[in-house]
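Novice: Sharing my_file_13.cif below, mmCIF, C-alpha atoms and all ligand atoms; chains and numbers go by the auth columns:
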```cif
data_model
#
loop_
_atom_site.group_PDB
_atom_site.id
_atom_site.type_symbol
_atom_site.label_atom_id
_atom_site.label_comp_id
_atom_site.label_asym_id
_atom_site.label_seq_id
_atom_site.Cartn_x
_atom_site.Cartn_y
_atom_site.Cartn_z
_atom_site.B_iso_or_equiv
_atom_site.auth_seq_id
_atom_site.auth_asym_id
ATOM 1 C CA MET A 1 6.786 24.726 -14.065 0.00 1 A
ATOM 2 C CA THR A 2 7.276 28.487 -13.727 0.00 2 A
ATOM 3 C CA ALA A 3 3.855 29.906 -14.480 0.00 3 A
ATOM 4 C CA GLU A 4 4.961 33.474 -15.204 0.00 4 A
ATOM 5 C CA PHE A 5 7.072 32.500 -18.218 0.00 5 A
ATOM 6 C CA THR A 6 4.666 30.089 -19.910 0.00 6 A
ATOM 7 C CA PRO A 7 2.816 31.308 -22.930 0.00 7 A
ATOM 8 C CA THR A 8 -0.075 28.954 -22.042 0.00 8 A
ATOM 9 C CA ALA A 9 -3.407 30.066 -20.619 0.00 9 A
ATOM 10 C CA LYS A 10 -3.589 29.906 -16.826 0.00 10 A
ATOM 11 C CA PRO A 11 -6.093 27.002 -16.547 0.00 11 A
ATOM 12 C CA ILE A 12 -3.850 24.918 -18.817 0.00 12 A
ATOM 13 C CA ALA A 13 -0.728 25.735 -16.826 0.00 13 A
ATOM 14 C CA ARG A 14 -2.634 24.850 -13.652 0.00 14 A
ATOM 15 C CA LEU A 15 -3.638 21.389 -14.879 0.00 15 A
ATOM 16 C CA ILE A 16 -0.104 20.712 -16.155 0.00 16 A
ATOM 17 C CA GLU A 17 1.179 21.660 -12.722 0.00 17 A
ATOM 18 C CA GLU A 18 -1.290 19.300 -10.999 0.00 18 A
ATOM 19 C CA PHE A 19 -0.429 16.358 -13.278 0.00 19 A
ATOM 20 C CA ASN A 20 3.266 17.094 -12.747 0.00 20 A
ATOM 21 C CA LYS A 21 2.816 16.450 -9.001 0.00 21 A
ATOM 22 C CA LEU A 22 1.753 12.841 -9.670 0.00 22 A
ATOM 23 C CA PRO A 23 4.352 10.088 -9.193 0.00 23 A
ATOM 24 C CA GLY A 24 6.065 9.059 -12.408 0.00 24 A
ATOM 25 C CA ILE A 25 4.667 12.039 -14.349 0.00 25 A
ATOM 26 C CA GLY A 26 7.335 14.415 -15.620 0.00 26 A
ATOM 27 C CA PRO A 27 6.658 17.842 -17.194 0.00 27 A
ATOM 28 C CA LYS A 28 6.355 16.353 -20.697 0.00 28 A
ATOM 29 C CA SER A 29 3.774 13.712 -19.712 0.00 29 A
ATOM 30 C CA ALA A 30 1.920 16.333 -17.681 0.00 30 A
ATOM 31 C CA GLN A 31 1.690 18.492 -20.773 0.00 31 A
ATOM 32 C CA ARG A 32 0.572 15.571 -22.937 0.00 32 A
ATOM 33 C CA LEU A 33 -2.170 14.577 -20.461 0.00 33 A
ATOM 34 C CA THR A 34 -3.373 18.157 -20.214 0.00 34 A
ATOM 35 C CA TYR A 35 -3.710 18.542 -23.982 0.00 35 A
ATOM 36 C CA TYR A 36 -5.440 15.171 -24.120 0.00 36 A
ATOM 37 C CA ILE A 37 -8.045 16.401 -21.609 0.00 37 A
ATOM 38 C CA LEU A 38 -8.393 19.590 -23.594 0.00 38 A
ATOM 39 C CA ARG A 39 -9.345 17.616 -26.715 0.00 39 A
ATOM 40 C CA ALA A 40 -11.606 15.177 -24.824 0.00 40 A
ATOM 41 C CA SER A 41 -15.371 15.723 -24.633 0.00 41 A
ATOM 42 C CA ALA A 42 -16.864 17.503 -21.637 0.00 42 A
ATOM 43 C CA GLU A 43 -18.340 14.150 -20.506 0.00 43 A
ATOM 44 C CA GLU A 44 -14.971 12.397 -20.577 0.00 44 A
ATOM 45 C CA ALA A 45 -13.306 15.184 -18.641 0.00 45 A
ATOM 46 C CA GLU A 46 -16.149 15.180 -16.111 0.00 46 A
ATOM 47 C CA ALA A 47 -15.881 11.386 -15.700 0.00 47 A
ATOM 48 C CA LEU A 48 -12.215 11.773 -14.762 0.00 48 A
ATOM 49 C CA ALA A 49 -12.900 14.644 -12.360 0.00 49 A
ATOM 50 C CA ASP A 50 -15.756 12.669 -10.808 0.00 50 A
ATOM 51 C CA ALA A 51 -13.622 9.534 -10.371 0.00 51 A
ATOM 52 C CA ILE A 52 -11.020 11.615 -8.519 0.00 52 A
ATOM 53 C CA ARG A 53 -13.651 13.259 -6.294 0.00 53 A
ATOM 54 C CA THR A 54 -15.359 9.918 -5.539 0.00 54 A
ATOM 55 C CA ILE A 55 -12.156 8.184 -4.488 0.00 55 A
ATOM 56 C CA LYS A 56 -11.672 10.810 -1.795 0.00 56 A
ATOM 57 C CA GLU A 57 -15.306 10.704 -0.664 0.00 57 A
ATOM 58 C CA LYS A 58 -16.009 6.966 -0.723 0.00 58 A
ATOM 59 C CA ILE A 59 -12.751 5.284 0.193 0.00 59 A
ATOM 60 C CA ILE A 60 -12.283 4.565 3.873 0.00 60 A
ATOM 61 C CA LEU A 61 -9.973 2.366 5.930 0.00 61 A
ATOM 62 C CA CYS A 62 -11.166 -1.090 7.006 0.00 62 A
ATOM 63 C CA SER A 63 -11.545 -0.972 10.787 0.00 63 A
ATOM 64 C CA THR A 64 -9.989 -4.450 11.094 0.00 64 A
ATOM 65 C CA CYS A 65 -7.001 -4.558 8.718 0.00 65 A
ATOM 66 C CA TYR A 66 -6.723 -0.850 7.742 0.00 66 A
ATOM 67 C CA ASN A 67 -6.708 -1.622 4.039 0.00 67 A
ATOM 68 C CA ILE A 68 -8.436 0.932 1.819 0.00 68 A
ATOM 69 C CA THR A 69 -12.000 -0.097 1.053 0.00 69 A
ATOM 70 C CA ASP A 70 -15.480 1.157 0.221 0.00 70 A
ATOM 71 C CA SER A 71 -17.095 -1.257 2.698 0.00 71 A
ATOM 72 C CA ASP A 72 -16.210 -1.943 6.328 0.00 72 A
ATOM 73 C CA PRO A 73 -14.995 -4.627 6.985 0.00 73 A
ATOM 74 C CA CYS A 74 -13.241 -4.840 3.618 0.00 74 A
ATOM 75 C CA ALA A 75 -13.882 -7.637 1.101 0.00 75 A
ATOM 76 C CA ILE A 76 -10.789 -9.585 2.252 0.00 76 A
ATOM 77 C CA CYS A 77 -11.732 -9.448 5.955 0.00 77 A
ATOM 78 C CA GLN A 78 -15.282 -10.483 5.044 0.00 78 A
ATOM 79 C CA ASP A 79 -14.229 -13.419 2.872 0.00 79 A
ATOM 80 C CA GLN A 80 -14.972 -16.564 4.891 0.00 80 A
ATOM 81 C CA ASP A 81 -13.007 -18.748 2.435 0.00 81 A
ATOM 82 C CA ARG A 82 -9.739 -17.146 3.501 0.00 82 A
ATOM 83 C CA GLU A 83 -7.446 -18.619 6.099 0.00 83 A
ATOM 84 C CA ARG A 84 -8.308 -16.563 9.141 0.00 84 A
ATOM 85 C CA SER A 85 -5.402 -17.663 11.326 0.00 85 A
ATOM 86 C CA ILE A 86 -2.646 -15.994 9.260 0.00 86 A
ATOM 87 C CA ILE A 87 -2.069 -12.256 9.009 0.00 87 A
ATOM 88 C CA CYS A 88 0.376 -10.781 6.519 0.00 88 A
ATOM 89 C CA VAL A 89 1.659 -7.394 7.692 0.00 89 A
ATOM 90 C CA VAL A 90 2.436 -4.849 4.960 0.00 90 A
ATOM 91 C CA GLU A 91 3.544 -1.228 4.937 0.00 91 A
ATOM 92 C CA GLU A 92 0.948 0.292 2.610 0.00 92 A
ATOM 93 C CA PRO A 93 -2.381 -0.715 1.034 0.00 93 A
ATOM 94 C CA ILE A 94 -0.678 -0.845 -2.375 0.00 94 A
ATOM 95 C CA ASP A 95 1.554 -3.714 -1.130 0.00 95 A
ATOM 96 C CA ILE A 96 -1.494 -6.012 -0.951 0.00 96 A
ATOM 97 C CA ILE A 97 -1.890 -5.905 -4.733 0.00 97 A
ATOM 98 C CA PRO A 98 1.315 -7.823 -5.672 0.00 98 A
ATOM 99 C CA LEU A 99 0.687 -10.372 -2.894 0.00 99 A
ATOM 100 C CA GLU A 100 -2.865 -10.993 -4.112 0.00 100 A
ATOM 101 C CA ARG A 101 -1.675 -11.218 -7.690 0.00 101 A
ATOM 102 C CA THR A 102 0.420 -14.290 -6.845 0.00 102 A
ATOM 103 C CA LYS A 103 -2.798 -16.110 -5.781 0.00 103 A
ATOM 104 C CA LYS A 104 -0.530 -18.028 -3.379 0.00 104 A
ATOM 105 C CA TYR A 105 -1.594 -16.190 -0.256 0.00 105 A
ATOM 106 C CA ARG A 106 -5.047 -16.860 1.187 0.00 106 A
ATOM 107 C CA GLY A 107 -4.735 -15.385 4.670 0.00 107 A
ATOM 108 C CA LEU A 108 -5.667 -11.965 6.023 0.00 108 A
ATOM 109 C CA TYR A 109 -3.718 -8.695 6.025 0.00 109 A
ATOM 110 C CA HIS A 110 -2.776 -5.861 8.314 0.00 110 A
ATOM 111 C CA VAL A 111 -1.655 -2.515 6.892 0.00 111 A
ATOM 112 C CA LEU A 112 0.769 -0.513 9.055 0.00 112 A
ATOM 113 C CA HIS A 113 0.491 2.705 7.033 0.00 113 A
ATOM 114 C CA GLY A 114 4.194 3.375 7.101 0.00 114 A
ATOM 115 C CA VAL A 115 7.436 2.109 8.600 0.00 115 A
ATOM 116 C CA ILE A 116 9.467 3.060 11.614 0.00 116 A
ATOM 117 C CA SER A 117 11.803 5.802 10.480 0.00 117 A
ATOM 118 C CA PRO A 118 13.470 7.871 13.212 0.00 118 A
ATOM 119 C CA SER A 119 14.954 10.282 10.665 0.00 119 A
ATOM 120 C CA ASP A 120 11.427 11.133 9.485 0.00 120 A
ATOM 121 C CA GLY A 121 10.114 11.229 13.040 0.00 121 A
ATOM 122 C CA VAL A 122 7.972 8.110 12.549 0.00 122 A
ATOM 123 C CA GLY A 123 7.826 5.867 15.596 0.00 123 A
ATOM 124 C CA PRO A 124 5.728 2.752 16.265 0.00 124 A
ATOM 125 C CA GLU A 125 2.936 4.930 17.715 0.00 125 A
ATOM 126 C CA GLU A 126 2.399 6.477 14.281 0.00 126 A
ATOM 127 C CA LEU A 127 1.761 3.048 12.746 0.00 127 A
ATOM 128 C CA LYS A 128 -1.155 0.633 13.196 0.00 128 A
ATOM 129 C CA THR A 129 0.859 -1.478 15.669 0.00 129 A
ATOM 130 C CA LYS A 130 -1.540 -1.308 18.640 0.00 130 A
ATOM 131 C CA GLU A 131 -4.309 -2.334 16.280 0.00 131 A
ATOM 132 C CA LEU A 132 -2.258 -5.334 15.139 0.00 132 A
ATOM 133 C CA LEU A 133 -1.612 -6.439 18.707 0.00 133 A
ATOM 134 C CA SER A 134 -5.288 -6.207 19.561 0.00 134 A
ATOM 135 C CA ARG A 135 -6.050 -8.608 16.692 0.00 135 A
ATOM 136 C CA LEU A 136 -3.768 -11.147 18.381 0.00 136 A
ATOM 137 C CA ASN A 137 -5.648 -10.945 21.649 0.00 137 A
ATOM 138 C CA GLY A 138 -8.357 -13.377 20.627 0.00 138 A
ATOM 139 C CA GLY A 139 -5.764 -16.146 20.317 0.00 139 A
ATOM 140 C CA SER A 140 -7.060 -17.297 16.920 0.00 140 A
ATOM 141 C CA ILE A 141 -4.001 -16.044 15.012 0.00 141 A
ATOM 142 C CA ALA A 142 -1.372 -18.747 14.484 0.00 142 A
ATOM 143 C CA GLU A 143 1.091 -16.857 12.288 0.00 143 A
ATOM 144 C CA ILE A 144 2.139 -13.325 11.477 0.00 144 A
ATOM 145 C CA ILE A 145 4.034 -12.888 8.213 0.00 145 A
ATOM 146 C CA LEU A 146 6.095 -9.694 8.198 0.00 146 A
ATOM 147 C CA ALA A 147 6.098 -8.463 4.605 0.00 147 A
ATOM 148 C CA THR A 148 7.594 -5.023 5.096 0.00 148 A
ATOM 149 C CA ASN A 149 9.905 -3.930 2.278 0.00 149 A
ATOM 150 C CA PRO A 150 13.467 -5.319 2.120 0.00 150 A
ATOM 151 C CA ASN A 151 15.216 -2.048 3.001 0.00 151 A
ATOM 152 C CA VAL A 152 16.600 -0.447 6.175 0.00 152 A
ATOM 153 C CA GLU A 153 13.280 0.877 7.498 0.00 153 A
ATOM 154 C CA GLY A 154 11.370 -2.252 6.486 0.00 154 A
ATOM 155 C CA GLU A 155 13.867 -4.523 8.256 0.00 155 A
ATOM 156 C CA ALA A 156 13.915 -2.342 11.383 0.00 156 A
ATOM 157 C CA THR A 157 10.114 -2.379 11.496 0.00 157 A
ATOM 158 C CA ALA A 158 10.036 -6.174 11.082 0.00 158 A
ATOM 159 C CA MET A 159 12.560 -6.563 13.925 0.00 159 A
ATOM 160 C CA TYR A 160 10.531 -4.271 16.155 0.00 160 A
ATOM 161 C CA LEU A 161 7.298 -6.185 15.485 0.00 161 A
ATOM 162 C CA GLN A 162 9.006 -9.540 15.977 0.00 162 A
ATOM 163 C CA ARG A 163 10.190 -8.482 19.445 0.00 163 A
ATOM 164 C CA LEU A 164 6.701 -7.264 20.254 0.00 164 A
ATOM 165 C CA ILE A 165 4.770 -10.295 18.992 0.00 165 A
ATOM 166 C CA ALA A 166 7.038 -13.276 19.731 0.00 166 A
ATOM 167 C CA PRO A 167 6.507 -13.120 23.527 0.00 167 A
ATOM 168 C CA LEU A 168 2.770 -13.523 22.907 0.00 168 A
ATOM 169 C CA GLY A 169 3.428 -17.002 21.528 0.00 169 A
ATOM 170 C CA THR A 170 2.377 -16.263 17.957 0.00 170 A
ATOM 171 C CA ARG A 171 4.651 -17.608 15.215 0.00 171 A
ATOM 172 C CA VAL A 172 6.398 -14.732 13.414 0.00 172 A
ATOM 173 C CA THR A 173 7.827 -15.235 9.929 0.00 173 A
ATOM 174 C CA ARG A 174 9.543 -12.974 7.419 0.00 174 A
ATOM 175 C CA LEU A 175 9.392 -13.224 3.625 0.00 175 A
ATOM 176 C CA ALA A 176 12.408 -15.125 2.311 0.00 176 A
ATOM 177 C CA ARG A 177 15.383 -13.293 0.850 0.00 177 A
ATOM 178 C CA GLY A 178 15.302 -13.102 -2.892 0.00 178 A
ATOM 179 C CA LEU A 179 13.310 -9.930 -3.075 0.00 179 A
ATOM 180 C CA PRO A 180 15.761 -7.336 -4.376 0.00 180 A
ATOM 181 C CA TYR A 181 17.231 -5.514 -1.350 0.00 181 A
ATOM 182 C CA GLY A 182 16.263 -1.867 -1.297 0.00 182 A
ATOM 183 C CA GLY A 183 13.415 -2.585 -3.680 0.00 183 A
ATOM 184 C CA ASP A 184 9.717 -2.295 -2.974 0.00 184 A
ATOM 185 C CA LEU A 185 7.288 -5.180 -2.815 0.00 185 A
ATOM 186 C CA GLU A 186 5.145 -3.105 -5.120 0.00 186 A
ATOM 187 C CA TYR A 187 7.612 -3.547 -8.000 0.00 187 A
ATOM 188 C CA ALA A 188 8.606 -7.182 -7.499 0.00 188 A
ATOM 189 C CA ASP A 189 7.299 -9.750 -9.975 0.00 189 A
ATOM 190 C CA ASP A 190 4.746 -12.445 -9.091 0.00 190 A
ATOM 191 C CA VAL A 191 7.177 -15.365 -9.202 0.00 191 A
ATOM 192 C CA THR A 192 9.660 -13.666 -6.864 0.00 192 A
ATOM 193 C CA ILE A 193 6.924 -12.773 -4.379 0.00 193 A
ATOM 194 C CA ALA A 194 5.356 -16.240 -4.520 0.00 194 A
ATOM 195 C CA ARG A 195 8.787 -17.771 -3.879 0.00 195 A
ATOM 196 C CA ALA A 196 9.468 -15.350 -0.996 0.00 196 A
ATOM 197 C CA LEU A 197 6.102 -16.322 0.520 0.00 197 A
ATOM 198 C CA GLU A 198 6.677 -20.043 0.213 0.00 198 A
ATOM 199 C CA GLY A 199 10.203 -19.769 1.572 0.00 199 A
ATOM 200 C CA ARG A 200 9.274 -17.554 4.492 0.00 200 A
ATOM 201 C CA GLN A 201 11.364 -18.116 7.616 0.00 201 A
ATOM 202 C CA ASP A 202 10.778 -17.966 11.322 0.00 202 A
ATOM 203 C CA MET A 203 12.251 -14.855 12.874 0.00 203 A
HETATM 204 ZN ZN ZN B . -10.046 -5.507 6.175 0.00 1 B
#
```
Step by step, read the file and then write its structure as structure tokens.
Specialist:
Amino acid sequence: MTAEFTPTAKPIARLIEEFNKLPGIGPKSAQRLTYYILRASAEEAEALADAIRTIKEKIILCSTCYNITDSDPCAICQDQDRERSIICVVEEPIDIIPLERTKKYRGLYHVLHGVISPSDGVGPEELKTKELLSRLNGGSIAEIILATNPNVEGEATAMYLQRLIAPLGTRVTRLARGLPYGGDLEYADDVTIARALEGRQDM
């Protein structure tokens, strides 16, 4: 969006520009959303602005699993009906959603907040690896499921964690193949994820 050449008023161009930064929103959708807001009532527009502000103010990371939450520990860590001896390790908080949707997984989670990626300068220290290891110290964890994405960084991160955890005597498994290689967990369908969970293999 080159602001100088647009015939639109500055506040409109600004909102289009902001929407355009969102994932999956191209210039056309950004324009459509902006004109939608323009036609909406002041209350509707305020509700949207308030929802955006609140998410930044109220959402914190769970101090146990590092999932995003508005209570600490998060609802999953607090849930006593869940299997507390299994931890599923994921890259990002958003990866928990497809796993929960399958309703096949009843254990706990651990969010790494990234993957090892030397080309981006991300090493294990930048991830929540130390925090994962400290959860294993109590000896109550029987299995760690590595559910990082099936791509180069995800595999490298899984290998790294396996080497770190296996000597501690905890069983380490990886989601079964079948998830599209190079794809994200986030976009896989429920059946594929459920099958990958059931067919998980020892590393
Ligand atoms: Zn938690």
Novice: Using only C-alpha atoms and all ligand atoms, which residue out of A:Ala45, A:Ile87, A:Leu136, A:Ala40 lies closest to ligand ZN 1 (chain B)?
Specialist: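 Closest residue, counting only C-alpha atoms and all ligand atoms: A:Ile87.
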Novice: Counting only C-alpha atoms, figure out which residue out of A:Ala176, A:Ile116, A:Ile141, A:Leu168 gets nearest to Gly154 in chain A.
Specialist: A:Ile116
Novice: When the cut-off is 9 Å and you count all atoms listed in the file, which residues lie near ligand ZN 1 (chain B), shown as a short mmCIF file (atom, residue, chain, number, x, y, z; two decimals) with C-alpha atoms, in the frame of the given file?
Specialist:
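Here's the written file out13.cif:
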```cif
data_model
loop_
_atom_site.label_atom_id
_atom_site.label_comp_id
_atom_site.auth_asym_id
_atom_site.auth_seq_id
_atom_site.Cartn_x
_atom_site.Cartn_y
_atom_site.Cartn_z
CA LEU A 61 -9.97 2.37 5.93
CA CYS A 62 -11.17 -1.09 7.01
CA SER A 63 -11.54 -0.97 10.79
CA THR A 64 -9.99 -4.45 11.09
CA CYS A 65 -7.00 -4.56 8.72
CA TYR A 66 -6.72 -0.85 7.74
CA ASN A 67 -6.71 -1.62 4.04
CA ILE A 68 -8.44 0.93 1.82
CA THR A 69 -12.00 -0.10 1.05
CA SER A 71 -17.10 -1.26 2.70
CA ASP A 72 -16.21 -1.94 6.33
CA PRO A 73 -15.00 -4.63 6.98
CA CYS A 74 -13.24 -4.84 3.62
CA ALA A 75 -13.88 -7.64 1.10
CA ILE A 76 -10.79 -9.59 2.25
CA CYS A 77 -11.73 -9.45 5.96
CA GLN A 78 -15.28 -10.48 5.04
CA LEU A 108 -5.67 -11.96 6.02
CA TYR A 109 -3.72 -8.70 6.02
CA HIS A 110 -2.78 -5.86 8.31
CA VAL A 111 -1.66 -2.52 6.89
#
```
Novice: Given all atoms listed in the file as the basis, pick out the residue of A:Asp189, A:Glu43, A:Asp120, A:Asp202 nearest to Gln162 in chain A.
Specialist: A:Asp202
Novice: With distances taken over all atoms listed in the file, which residue among A:Leu38, A:Glu198, A:Arg174, A:Cys88 lies nearest Glu155 in chain A?
Specialist: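 Checking each candidate against Glu155 in chain A, we get A:Arg174 as the closest.
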Novice: Work out how far apart CA of Pro167 in chain A and CA of Ile145 in chain A are and give it in Å to one decimal.
Specialist: 15.5 Å
Novice: Counting only C-alpha atoms, figure out which residue out of A:Ala51, A:Met203, A:Ala147, A:Ala166 gets nearest to Leu179 in chain A.
Specialist: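 Checking each candidate against Leu179 in chain A, we get A:Ala147 as the closest.
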Novice: For CA of Leu133 in chain A and CA of Arg195 in chain A, determine how far apart the two atoms are, in Å to one decimal place.
Specialist: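 Calculated distance between CA of Leu133 in chain A and CA of Arg195 in chain A is 27.3 Å.
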Novice: Figure out the distance between CA of Gly26 in chain A and CA of His113 in chain A, please, to one decimal in Å.
Specialist: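 One can read the CA of His113 in chain A to CA of Gly26 in chain A distance as 26.4 Å.
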Novice: From the list A:Thr173, A:Thr8, A:Ser117, A:Thr34, which residue is nearest Asn151 in chain A when using only C-alpha atoms?
Specialist: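 Counting only C-alpha atoms, the residue closest to Asn151 in chain A is A:Ser117.
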Novice: Please identify all polymer residues within 9 Å of Gln31 in chain A, counting all atoms listed in the file, omitting same-chain residues fewer than 6 positions from it, and present them as a list of chain:residue names.
Specialist: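 Once the nearby chain positions are removed, what remains is A:Ile12, A:Ala13, A:Leu15, A:Ile16, A:Glu17, A:Phe19, A:Asn20.
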Novice: Give me the box for range 136-140 of chain A as lines of an AutoDock Vina configuration file, namely the centre and edge lengths in Å to one decimal of a box along x, y and z that holds every listed atom plus 4 Å on each side.
Specialist:
```
center_x = -6.1
center_y = -14.1
center_z = 19.3
size_x = 12.6
size_y = 14.4
size_z = 12.7
```
Novice: Specify as JSON, numbers by chain each residue included when the PyMOL selection byres (((chain A and resi 128) around 8) and not hetatm) is applied to this file.
Specialist: {"A": [66, 111, 112, 113, 124, 125, 126, 127, 129, 130, 131, 132]}
Novice: Counting all atoms listed in the file, which residues come within 12 Å of (-0.1, -12.1, -9.1), with the point read in the file's coordinates, and could you list them as a list in words?
Specialist: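 Collected hits near the coordinates: Asp95, Ile96, Ile97, Pro98, Leu99, Glu100, Arg101, Thr102, Lys103, Lys104, Tyr105, Leu185, Glu186, Tyr187, Ala188, Asp189, Asp190, Val191, Thr192, Ile193, Ala194 and Arg195 of chain A.
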Novice: Could you spell out the hits of the PyMOL selection byres (((chain A and resi 84) around 8) and not hetatm) on the shown file, as a PDB file with C-alpha atoms, keeping the file's coordinate frame?
Specialist:
```pdb
ATOM      1  CA  GLN A  80     -14.972 -16.564   4.891  1.00  0.00           C
ATOM      2  CA  ARG A  82      -9.739 -17.146   3.501  1.00  0.00           C
ATOM      3  CA  GLU A  83      -7.446 -18.619   6.099  1.00  0.00           C
ATOM      4  CA  SER A  85      -5.402 -17.663  11.326  1.00  0.00           C
ATOM      5  CA  ILE A  86      -2.646 -15.994   9.260  1.00  0.00           C
ATOM      6  CA  ILE A  87      -2.069 -12.256   9.009  1.00  0.00           C
ATOM      7  CA  GLY A 107      -4.735 -15.385   4.670  1.00  0.00           C
ATOM      8  CA  LEU A 108      -5.667 -11.965   6.023  1.00  0.00           C
ATOM      9  CA  SER A 140      -7.060 -17.297  16.920  1.00  0.00           C
ATOM     10  CA  ILE A 141      -4.001 -16.044  15.012  1.00  0.00           C
TER      11      ILE A 141
END
```
Novice: Can you list what the PyMOL selection byres (((chain A and resi 152) around 12) and not hetatm) grabs from this structure, as a PyMOL selection string?
Specialist: chain A and resi 115-119+148-151+153-159+181-184
